[in-house]
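This is entry-v2.tsv. It holds TSV, C-alpha atoms and all ligand atoms.
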chain	number	residue	atom	x	y	z
A	1	MET	CA	92.15	121.57	87.14
A	2	SER	CA	88.81	120.42	85.77
A	3	ASP	CA	85.72	120.37	87.99
A	4	SER	CA	85.05	116.75	87.05
A	5	LEU	CA	88.52	115.71	88.29
A	6	LYS	CA	87.85	117.48	91.59
A	7	GLN	CA	84.48	115.79	91.87
A	8	GLN	CA	86.08	112.42	91.20
A	9	PHE	CA	88.63	112.91	93.99
A	10	ARG	CA	86.00	114.24	96.40
A	11	ALA	CA	84.06	111.06	95.78
A	12	TYR	CA	87.22	109.04	96.58
A	13	ALA	CA	87.64	111.00	99.81
A	14	GLN	CA	84.03	110.42	100.77
A	15	GLY	CA	84.48	106.71	100.11
A	16	SER	CA	87.43	106.53	102.47
A	17	SER	CA	85.53	108.53	105.13
A	18	ALA	CA	82.67	106.02	104.83
A	19	LEU	CA	85.13	103.17	105.51
A	20	HIS	CA	86.80	105.04	108.39
A	21	VAL	CA	83.43	105.52	110.11
A	22	ALA	CA	82.67	101.85	109.54
A	23	PHE	CA	86.06	100.83	110.99
A	24	ILE	CA	85.28	102.63	114.26
A	25	GLY	CA	81.95	100.85	114.49
A	26	ILE	CA	83.47	97.44	113.73
A	27	VAL	CA	86.36	97.46	116.19
A	28	ASN	CA	84.25	98.87	119.03
A	29	GLY	CA	81.41	96.39	118.50
A	30	LEU	CA	78.83	99.08	117.64
A	31	PHE	CA	77.30	97.34	114.61
A	32	GLU	CA	76.91	94.03	116.45
A	33	ALA	CA	75.50	95.69	119.59
A	34	LEU	CA	72.94	97.66	117.59
A	35	ASN	CA	71.90	94.48	115.85
A	36	THR	CA	71.24	92.84	119.23
A	37	MET	CA	69.54	95.89	120.73
A	38	GLY	CA	67.37	96.71	117.72
A	39	PHE	CA	66.90	100.41	118.56
A	40	ALA	CA	69.18	102.30	120.99
A	41	ASP	CA	70.22	105.83	121.79
A	42	ALA	CA	73.89	106.77	122.12
A	43	THR	CA	73.79	106.61	125.93
A	44	ASP	CA	72.44	103.05	126.06
A	45	LEU	CA	74.78	101.95	123.30
A	46	ALA	CA	77.80	103.44	125.10
A	47	ARG	CA	76.75	101.88	128.42
A	48	ARG	CA	76.32	98.43	126.89
A	49	LEU	CA	79.81	98.51	125.33
A	50	ASP	CA	81.51	100.42	128.15
A	51	LEU	CA	82.47	103.24	125.76
A	52	ASP	CA	82.51	107.02	126.15
A	53	THR	CA	79.02	108.43	125.51
A	54	ALA	CA	80.13	111.66	123.82
A	55	TYR	CA	82.29	109.75	121.29
A	56	VAL	CA	79.48	107.27	120.65
A	57	ALA	CA	77.00	110.14	120.09
A	58	ARG	CA	79.28	111.65	117.44
A	59	TRP	CA	79.83	108.27	115.84
A	60	CYS	CA	76.04	107.78	115.63
A	61	ASP	CA	75.71	111.09	113.77
A	62	ALA	CA	78.49	110.14	111.35
A	63	ALA	CA	77.13	106.62	110.89
A	64	TYR	CA	73.69	108.14	110.24
A	65	ALA	CA	75.23	110.51	107.62
A	66	PHE	CA	76.88	107.57	105.84
A	67	GLU	CA	73.64	105.60	106.01
A	68	TYR	CA	74.78	102.83	108.31
A	69	LEU	CA	72.07	103.92	110.78
A	70	ASP	CA	68.50	105.15	110.65
A	71	GLU	CA	67.02	107.19	113.49
A	72	GLN	CA	63.62	107.51	115.15
A	73	ASP	CA	62.99	109.76	118.19
A	74	GLY	CA	66.69	109.92	119.04
A	75	ARG	CA	67.15	106.15	118.84
A	76	PHE	CA	69.21	104.43	116.15
A	77	CYS	CA	68.94	101.13	114.27
A	78	LEU	CA	71.05	99.48	111.56
A	79	THR	CA	70.29	100.04	107.88
A	80	GLU	CA	71.05	97.39	105.26
A	81	ARG	CA	74.54	98.89	104.88
A	82	GLY	CA	74.99	98.83	108.64
A	83	GLN	CA	74.02	95.15	108.74
A	84	ALA	CA	76.57	94.42	106.00
A	85	MET	CA	79.35	95.85	108.21
A	86	ARG	CA	78.63	93.40	111.05
A	87	PRO	CA	81.73	91.17	111.19
A	88	SER	CA	79.62	88.08	111.88
A	89	VAL	CA	77.43	88.19	108.74
A	90	PRO	CA	78.37	86.04	105.74
A	91	GLN	CA	80.23	88.09	103.09
A	92	SER	CA	80.66	90.92	105.63
A	93	LEU	CA	82.13	94.21	104.35
A	94	MET	CA	84.34	94.30	107.46
A	95	PRO	CA	87.57	93.26	105.62
A	96	ILE	CA	87.27	96.25	103.28
A	97	ALA	CA	87.01	98.72	106.18
A	98	VAL	CA	89.88	97.13	108.16
A	99	HIS	CA	92.08	96.90	105.06
A	100	THR	CA	91.48	100.57	104.27
A	101	MET	CA	92.45	101.66	107.78
A	102	LEU	CA	95.57	99.47	107.76
A	103	GLY	CA	96.40	101.00	104.38
A	104	ALA	CA	96.11	104.52	105.82
A	105	HIS	CA	98.46	103.60	108.67
A	106	MET	CA	101.03	101.98	106.36
A	107	ALA	CA	100.89	104.90	103.88
A	108	GLU	CA	101.63	107.38	106.66
A	109	ARG	CA	104.58	105.24	107.80
A	110	ALA	CA	105.90	104.90	104.22
A	111	ALA	CA	105.76	108.69	103.84
A	112	ALA	CA	107.96	109.12	106.92
A	113	PHE	CA	110.42	106.27	106.25
A	114	MET	CA	110.97	107.39	102.65
A	115	ARG	CA	112.93	110.32	104.10
A	116	THR	CA	115.58	108.08	105.61
A	117	GLY	CA	115.23	104.74	103.84
A	118	VAL	CA	114.56	102.97	107.16
A	119	ARG	CA	112.72	99.64	106.76
A	120	PRO	CA	111.77	98.66	110.31
A	121	GLY	CA	110.15	95.29	109.43
A	122	GLU	CA	107.01	93.39	110.36
A	123	GLN	CA	106.35	95.23	113.61
A	124	VAL	CA	105.00	98.31	111.80
A	125	VAL	CA	101.87	96.34	110.80
A	126	ALA	CA	101.20	95.66	114.50
A	127	GLU	CA	101.61	99.22	115.77
A	128	ARG	CA	97.91	100.10	115.96
A	129	GLU	CA	96.10	98.46	118.86
A	130	THR	CA	92.69	98.73	117.20
A	131	ILE	CA	93.79	97.27	113.85
A	132	ILE	CA	95.95	94.30	114.77
A	133	PRO	CA	93.27	92.12	116.45
A	134	TRP	CA	91.38	92.30	113.13
A	135	PHE	CA	94.31	91.42	110.88
A	136	GLY	CA	93.57	87.67	110.75
A	137	ALA	CA	89.82	88.11	110.28
A	138	MET	CA	90.49	90.62	107.49
A	139	LEU	CA	92.68	88.14	105.59
A	140	GLU	CA	90.20	85.32	106.21
A	141	GLY	CA	87.32	87.45	104.91
A	142	ASN	CA	89.29	88.53	101.86
A	143	PHE	CA	90.74	85.16	100.83
A	144	ALA	CA	88.87	82.20	102.36
A	145	PRO	CA	86.01	82.27	99.81
A	146	LEU	CA	88.46	82.16	96.86
A	147	PHE	CA	90.36	79.33	98.53
A	148	GLU	CA	87.32	77.24	99.40
A	149	ASN	CA	85.29	77.77	96.23
A	150	THR	CA	87.97	77.97	93.54
A	151	ILE	CA	91.50	77.04	94.63
A	152	CYS	CA	90.76	73.87	96.62
A	153	PRO	CA	88.79	72.20	93.81
A	154	ALA	CA	91.43	73.18	91.21
A	155	VAL	CA	94.58	71.99	93.03
A	156	PRO	CA	94.63	68.16	93.29
A	157	ALA	CA	97.37	68.07	95.99
A	158	PHE	CA	94.85	68.66	98.82
A	159	ALA	CA	92.57	65.73	97.96
A	160	GLU	CA	95.59	63.49	97.39
A	161	VAL	CA	96.99	64.29	100.84
A	162	ASN	CA	93.56	63.73	102.39
A	163	SER	CA	93.30	60.31	100.69
A	164	HIS	CA	96.28	59.03	102.69
A	165	ARG	CA	95.34	60.72	105.99
A	166	GLY	CA	98.12	63.26	105.53
A	167	PHE	CA	99.77	65.89	107.71
A	168	ALA	CA	99.55	69.52	106.50
A	169	VAL	CA	101.74	72.35	107.83
A	170	ASP	CA	100.93	76.04	107.32
A	171	LEU	CA	103.94	78.35	107.77
A	172	GLY	CA	103.00	81.99	108.58
A	173	CYS	CA	99.48	80.72	109.33
A	174	GLY	CA	97.91	83.97	110.60
A	175	ASN	CA	94.64	83.15	112.40
A	176	GLY	CA	94.72	79.60	111.04
A	177	TRP	CA	91.82	80.00	108.61
A	178	TYR	CA	93.52	77.98	105.84
A	179	LEU	CA	94.00	74.88	108.01
A	180	ARG	CA	90.44	75.25	109.33
A	181	ALA	CA	89.16	75.40	105.74
A	182	LEU	CA	91.18	72.26	104.87
A	183	ALA	CA	89.99	70.45	108.01
A	184	ARG	CA	86.37	71.26	107.13
A	185	ARG	CA	86.69	70.00	103.58
A	186	TYR	CA	89.08	67.07	104.11
A	187	PRO	CA	88.08	65.00	107.16
A	188	ASN	CA	91.23	62.83	107.15
A	189	LEU	CA	93.74	65.68	107.29
A	190	HIS	CA	95.47	66.83	110.44
A	191	GLY	CA	97.67	69.90	110.62
A	192	LEU	CA	100.06	72.25	112.34
A	193	GLY	CA	100.17	76.02	111.88
A	194	LEU	CA	103.20	78.15	112.79
A	195	ASP	CA	103.35	81.92	113.02
A	196	GLY	CA	105.80	84.40	114.49
A	197	PHE	CA	103.13	86.57	116.02
A	198	ALA	CA	101.63	85.51	119.38
A	199	GLU	CA	98.26	87.23	118.81
A	200	ASN	CA	97.76	85.16	115.62
A	201	ILE	CA	98.51	81.90	117.40
A	202	ALA	CA	96.12	82.75	120.26
A	203	GLN	CA	93.36	83.51	117.73
A	204	ALA	CA	94.14	80.38	115.67
A	205	ARG	CA	93.87	78.13	118.75
A	206	ARG	CA	90.65	79.77	119.88
A	207	LEU	CA	89.00	79.55	116.44
A	208	ALA	CA	90.08	75.92	115.87
A	209	GLN	CA	88.71	74.99	119.30
A	210	ALA	CA	85.41	76.79	118.59
A	211	GLU	CA	84.99	74.84	115.34
A	212	GLY	CA	85.74	71.51	117.04
A	213	PHE	CA	89.15	70.98	115.39
A	214	ALA	CA	91.31	71.13	118.52
A	215	ASP	CA	92.18	67.42	118.17
A	216	ARG	CA	93.23	67.77	114.50
A	217	LEU	CA	94.89	71.19	114.36
A	218	VAL	CA	97.80	72.42	116.47
A	219	PHE	CA	99.16	75.98	116.40
A	220	VAL	CA	102.60	77.03	117.62
A	221	GLU	CA	104.46	80.30	117.82
A	222	GLY	CA	107.78	80.25	115.99
A	223	ASP	CA	109.91	81.55	113.15
A	224	ILE	CA	109.65	79.95	109.71
A	225	LEU	CA	113.44	79.91	109.41
A	226	ALA	CA	114.27	78.78	112.95
A	227	ASP	CA	114.99	75.20	113.99
A	228	TYR	CA	111.48	74.16	115.04
A	229	GLU	CA	110.61	70.47	115.31
A	230	LEU	CA	107.72	68.96	113.36
A	231	PRO	CA	106.13	65.90	115.02
A	232	GLU	CA	106.45	64.04	111.69
A	233	ARG	CA	107.51	64.84	108.14
A	234	ALA	CA	104.78	66.70	106.29
A	235	ASP	CA	102.70	65.56	103.34
A	236	LEU	CA	101.96	69.18	102.48
A	237	ILE	CA	103.56	72.47	103.53
A	238	ALA	CA	101.55	75.58	102.71
A	239	MET	CA	102.66	79.20	102.78
A	240	ASN	CA	99.96	81.78	102.04
A	241	ARG	CA	101.12	85.34	101.54
A	242	ALA	CA	104.07	84.43	103.76
A	243	LEU	CA	106.84	83.60	101.24
A	244	HIS	CA	107.42	87.25	100.32
A	245	HIS	CA	108.15	87.89	104.02
A	246	VAL	CA	111.14	85.52	103.97
A	247	TRP	CA	112.13	85.70	100.30
A	248	ASP	CA	115.58	87.13	101.08
A	249	ARG	CA	116.30	83.81	102.90
A	250	ARG	CA	115.05	81.61	100.04
A	251	ALA	CA	118.44	79.89	99.59
A	252	VAL	CA	117.97	78.45	103.11
A	253	LEU	CA	114.18	78.15	103.05
A	254	PHE	CA	113.55	75.97	99.99
A	255	PRO	CA	116.02	73.18	100.92
A	256	LYS	CA	114.59	73.32	104.47
A	257	LEU	CA	111.03	72.89	103.14
A	258	ARG	CA	112.14	69.94	101.04
A	259	SER	CA	113.87	68.30	104.00
A	260	GLN	CA	110.65	68.56	106.06
A	261	LEU	CA	108.55	66.73	103.44
A	262	LYS	CA	107.84	63.05	103.02
A	263	ALA	CA	108.80	61.60	99.63
A	264	GLY	CA	106.12	62.72	97.16
A	265	GLY	CA	104.99	65.54	99.49
A	266	PHE	CA	103.91	68.97	98.29
A	267	VAL	CA	104.83	72.58	99.01
A	268	VAL	CA	101.87	74.81	98.14
A	269	ILE	CA	102.76	78.50	97.91
A	270	TRP	CA	100.07	81.15	97.42
A	271	GLU	CA	101.21	84.66	96.59
A	272	PRO	CA	99.90	87.74	94.80
A	273	ASN	CA	101.34	87.45	91.27
A	274	TRP	CA	103.35	90.59	90.49
A	275	PRO	CA	102.77	91.31	86.78
A	276	SER	CA	105.50	90.98	84.17
A	277	GLU	CA	104.95	94.52	82.80
A	278	ARG	CA	104.37	97.82	84.61
A	279	ALA	CA	101.47	98.77	82.30
A	280	LEU	CA	99.45	95.86	83.73
A	281	LEU	CA	99.38	97.61	87.14
A	282	ARG	CA	96.89	100.13	85.71
A	283	ASP	CA	94.23	97.43	85.54
A	284	PRO	CA	91.71	98.10	88.35
A	285	SER	CA	92.25	94.57	89.66
A	286	ARG	CA	95.98	95.27	90.21
A	287	LYS	CA	96.04	98.79	91.66
A	288	GLY	CA	95.68	97.35	95.18
A	289	MET	CA	98.68	95.11	94.53
A	290	ALA	CA	100.79	98.13	93.57
A	291	PHE	CA	99.80	99.86	96.82
A	292	GLN	CA	100.57	96.73	98.83
A	293	ASN	CA	104.01	96.47	97.21
A	294	LEU	CA	104.76	100.07	98.25
A	295	THR	CA	103.87	99.41	101.88
A	296	GLU	CA	105.55	95.94	101.91
A	297	HIS	CA	108.82	97.84	101.42
A	298	ILE	CA	108.52	99.06	105.04
A	299	GLN	CA	108.61	95.42	106.13
A	300	GLY	CA	111.64	94.65	103.96
A	301	ASN	CA	109.53	92.75	101.40
A	302	HIS	CA	108.43	92.98	97.81
A	303	LEU	CA	105.84	91.07	95.83
A	304	LEU	CA	106.98	88.20	93.62
A	305	LYS	CA	106.37	86.89	90.12
A	306	ALA	CA	105.18	83.29	89.90
A	307	ASP	CA	108.17	82.50	87.64
A	308	GLU	CA	110.64	83.57	90.35
A	309	ILE	CA	109.02	81.11	92.76
A	310	VAL	CA	109.17	78.31	90.17
A	311	ALA	CA	112.89	79.06	89.73
A	312	ALA	CA	113.46	78.82	93.50
A	313	PHE	CA	111.74	75.42	93.54
A	314	ARG	CA	113.84	74.27	90.59
A	315	GLN	CA	117.00	75.33	92.37
A	316	ALA	CA	115.99	73.15	95.33
A	317	GLY	CA	115.47	70.20	92.97
A	318	MET	CA	111.67	70.33	93.05
A	319	PRO	CA	109.55	70.46	89.89
A	320	ALA	CA	106.72	73.01	90.25
A	321	GLU	CA	103.40	73.76	88.61
A	322	VAL	CA	101.65	77.17	88.54
A	323	TYR	CA	97.88	77.65	88.94
A	324	LEU	CA	96.55	81.15	88.29
A	325	PHE	CA	93.32	82.61	89.70
A	326	ALA	CA	91.49	85.95	89.89
A	327	ASN	CA	92.49	87.42	86.54
A	328	GLY	CA	96.00	85.96	86.97
A	329	ASN	CA	96.58	88.09	90.07
A	330	GLU	CA	96.69	85.19	92.52
A	331	ALA	CA	99.28	82.46	91.92
A	332	VAL	CA	99.39	79.07	93.60
A	333	ILE	CA	102.68	77.31	92.92
A	334	VAL	CA	102.87	73.64	93.83
A	335	GLY	CA	106.29	72.06	94.18
A	336	ARG	CA	106.77	68.33	94.74
A	337	ASN	CA	109.45	66.38	96.57
A	338	VAL	CA	110.00	63.79	93.83
B	1	LIG	C1	100.18	88.38	105.12
B	1	LIG	S1	100.13	87.40	106.55
B	1	LIG	C2	99.34	85.92	105.93
B	1	LIG	C3	98.72	85.12	107.05
B	1	LIG	C4	98.00	83.85	106.62
B	1	LIG	N1	98.90	82.92	105.94
B	1	LIG	C5	96.81	84.17	105.76
B	1	LIG	O1	96.82	83.81	104.57
B	1	LIG	O2	95.85	84.76	106.26
B	1	LIG	C6	101.81	86.86	106.71
B	1	LIG	C7	101.99	86.06	107.98
B	1	LIG	O3	103.31	85.54	108.03
B	1	LIG	C8	103.79	85.65	109.34
B	1	LIG	N2	105.27	85.70	109.25
B	1	LIG	C9	106.02	86.52	108.50
B	1	LIG	N3	107.33	86.23	108.64
B	1	LIG	C10	107.40	85.19	109.50
B	1	LIG	C11	108.48	84.42	110.04
B	1	LIG	N4	109.75	84.68	109.70
B	1	LIG	N5	108.18	83.41	110.88
B	1	LIG	C12	106.89	83.15	111.24
B	1	LIG	N6	105.83	83.84	110.75
B	1	LIG	C13	106.08	84.84	109.89
B	1	LIG	C14	103.17	86.93	109.87
B	1	LIG	O4	103.11	86.94	111.30
B	1	LIG	C15	101.79	86.89	109.23
B	1	LIG	O5	100.85	86.24	110.04

Any chance you could give the structure as structure tokens?
Ligand SMILES: C[S@@+](CC[C@H](N)C(=O)[O-])C[C@H]1O[C@@H](n2cnc3c(N)ncnc32)[C@H](O)[C@@H]1O
Amino acid sequence: MSDSLKQQFRAYAQGSSALHVAFIGIVNGLFEALNTMGFADATDLARRLDLDTAYVARWCDAAYAFEYLDEQDGRFCLTERGQAMRPSVPQSLMPIAVHTMLGAHMAERAAAFMRTGVRPGEQVVAERETIIPWFGAMLEGNFAPLFENTICPAVPAFAEVNSHRGFAVDLGCGNGWYLRALARRYPNLHGLGLDGFAENIAQARRLAQAEGFADRLVFVEGDILADYELPERADLIAMNRALHHVWDRRAVLFPKLRSQLKAGGFVVIWEPNWPSERALLRDPSRKGMAFQNLTEHIQGNHLLKADEIVAAFRQAGMPAEVYLFANGNEAVIVGRNV
């Protein structure tokens, strides 16, 4: 094996260690606390966050090594990189660290389940108590900027629904960021988000309240395929990275979506766009998608091609239009109840 190949893989390993150290600091509030305190030693930092001092002391050494912290007379402060890991800063690097740790967990599970073929489902994502509270914020950090800056202006359905004071529903809403982004941009919209995971709904309600949208946005726990009641027929039903979770029930889902829409209403699906040829997975922008597809298998899912989604709309009697973003890797498919 060549030395340069070894060096390349050592650099990969060091990159993942850097993100693992960051993850510990993010989920235990260390970056934010150091920002507030300015300079602190490990004992004061541990006391402030009610953490174990010996663990915090070792984390400070590791965070110093990876240049998240500087040190003076035994007291630490954040470097520029450390500041960038604070979850509350704009464009925070937090989603990258959380995503990497979730990836490590899912890879370990895939390695074990491959021996038996077991596919336990969604609950595997939620197994780690430190990761799951960050799941919604990770997705928001990764995808809200693309939605707000690029997708919203390019897809006319949103503005049209806003123009007649419409009702938007988000199925599999996570922490509710998508409806919050719509409410911010479109003052006449009101909405309902539904998710099967109680932690997501609790976060969605809290965040909507904090942004002053409690009167316009409602969040309920429930299953996308169950018989839940909408207060009125929807003008727009969105599903973001949720369709692939229920794709095996598409024969039931698509007619159900149509029946929940007003005449002329829209279904707006956003999914990673699985490429038509395997060779395209080698592109750096798609390697992450290939890894996600491997770990989705644990949950009983696989990633979809935009054309498959268009075909499902067609089968339900709905014409659909495809919008591609991010090098064609993100597909928004808009079906209409004509
Ligand atoms: C990848 S996350 C996407 C979350 C959110 N739409 C976003 O873009 O951030 C998929 C979401 O779908 C939810 N979900 C999956 N299957 C579901 C089902 N059958 N009923 C309700 N929610 C479901 C999960 O709880 C999870 O929050």

Please build the interface table for chain A against ligand LIG 1 (chain B) with a cut-off of 9 Å, listing for each qualifying residue the nearest atom pair and the distance in Å to one decimal; count all atoms listed in the file, order rows by chain and increasing number, and write it as CSV.
residue,atom,partner,partner_atom,distance
A:Glu122,CA,B:LIG1,C9,7.2
A:Phe135,CA,B:LIG1,O2,8.3
A:Gly136,CA,B:LIG1,O2,5.8
A:Ala137,CA,B:LIG1,O2,8.0
A:Met138,CA,B:LIG1,O2,8.0
A:Leu139,CA,B:LIG1,O2,4.7
A:Glu140,CA,B:LIG1,O2,5.7
A:Asn142,CA,B:LIG1,O2,8.8
A:Phe143,CA,B:LIG1,O1,7.3
A:Ala144,CA,B:LIG1,O2,8.4
A:Asp170,CA,B:LIG1,N1,7.3
A:Leu171,CA,B:LIG1,N6,6.5
A:Gly172,CA,B:LIG1,O3,3.6
A:Cys173,CA,B:LIG1,N1,4.1
A:Gly174,CA,B:LIG1,O5,3.8
A:Asn175,CA,B:LIG1,O2,6.5
A:Gly176,CA,B:LIG1,C4,7.0
A:Trp177,CA,B:LIG1,O2,6.7
A:Tyr178,CA,B:LIG1,O1,6.8
A:Leu194,CA,B:LIG1,C12,6.4
A:Asp195,CA,B:LIG1,N6,3.9
A:Gly196,CA,B:LIG1,C12,3.6
A:Phe197,CA,B:LIG1,O4,4.7
A:Ala198,CA,B:LIG1,O4,8.3
A:Glu199,CA,B:LIG1,O4,8.9
A:Asn200,CA,B:LIG1,O5,6.5
A:Ile201,CA,B:LIG1,O5,8.9
A:Glu221,CA,B:LIG1,C12,7.6
A:Gly222,CA,B:LIG1,C12,5.6
A:Asp223,CA,B:LIG1,N5,3.4
A:Ile224,CA,B:LIG1,N5,3.9
A:Leu225,CA,B:LIG1,N4,6.0
A:Ala226,CA,B:LIG1,N5,7.9
A:Ala238,CA,B:LIG1,N1,8.4
A:Met239,CA,B:LIG1,N1,6.2
A:Asn240,CA,B:LIG1,N1,4.2
A:Arg241,CA,B:LIG1,C2,4.8
A:Ala242,CA,B:LIG1,C6,4.4
A:Leu243,CA,B:LIG1,C9,7.9
A:His244,CA,B:LIG1,C9,8.3
A:His245,CA,B:LIG1,N3,5.0
A:Val246,CA,B:LIG1,N4,6.0
A:Trp270,CA,B:LIG1,O1,8.3

### Message
For A:Arg278, find every residue with an atom within 12 Å (counting all atoms listed in the file), except residues of its own chain fewer than 5 positions away, and show them as JSON, numbers by chain.
### Response
{"A": [283, 286, 287, 289, 290]}

When you look at A:Thr116 with a cut-off of 12 Å (counting all atoms listed in the file), what residues show up, excluding the ones that are within fewer than 6 positions of it in the same chain? I need them as a PDB file with C-alpha atoms, in the frame of the given file.
ATOM      1  CA  ARG A 109     104.580 105.240 107.800  1.00  0.00           C
ATOM      2  CA  ALA A 110     105.900 104.900 104.220  1.00  0.00           C
ATOM      3  CA  ILE A 298     108.520  99.060 105.040  1.00  0.00           C
TER       4      ILE A 298
END

9 Å contact set for A:Gly25, all atoms listed in the file, chain neighbours under 3 positions out, as a PDB file with C-alpha atoms, in the frame of the given file:
ATOM      1  CA  HIS A  20      86.800 105.040 108.390  1.00  0.00           C
ATOM      2  CA  VAL A  21      83.430 105.520 110.110  1.00  0.00           C
ATOM      3  CA  ALA A  22      82.670 101.850 109.540  1.00  0.00           C
ATOM      4  CA  ASN A  28      84.250  98.870 119.030  1.00  0.00           C
ATOM      5  CA  GLY A  29      81.410  96.390 118.500  1.00  0.00           C
ATOM      6  CA  LEU A  30      78.830  99.080 117.640  1.00  0.00           C
ATOM      7  CA  PHE A  31      77.300  97.340 114.610  1.00  0.00           C
ATOM      8  CA  GLU A  32      76.910  94.030 116.450  1.00  0.00           C
ATOM      9  CA  TRP A  59      79.830 108.270 115.840  1.00  0.00           C
ATOM     10  CA  ALA A  63      77.130 106.620 110.890  1.00  0.00           C
ATOM     11  CA  MET A  85      79.350  95.850 108.210  1.00  0.00           C
ATOM     12  CA  ARG A  86      78.630  93.400 111.050  1.00  0.00           C
TER      13      ARG A  86
END

### Query
Mind pulling up the distance from atom CA of A:Pro153 to atom CA of A:Ala84?
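Straight-line distance from atom CA of A:Ala84 to atom CA of A:Pro153 works out to 28.1 Å.
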
## Note on the structure
Of A:Ala326, A:Ala104, A:Val268, A:Val252, the one nearest to A:Asp227 when counting only C-alpha atoms is A:Val252

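What separates atom CA of A:Gly166 from atom CA of A:Asp235 is a distance of 5.6 Å.
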
With all atoms of stretch 183-189 of chain A from the file as input, state the centre and edge lengths in Å to one decimal of the axis-aligned box that has 6 Å extra on each side, as AutoDock Vina command-line options.
--center_x 90.1 --center_y 67.0 --center_z 105.8 --size_x 19.4 --size_y 20.4 --size_z 16.4
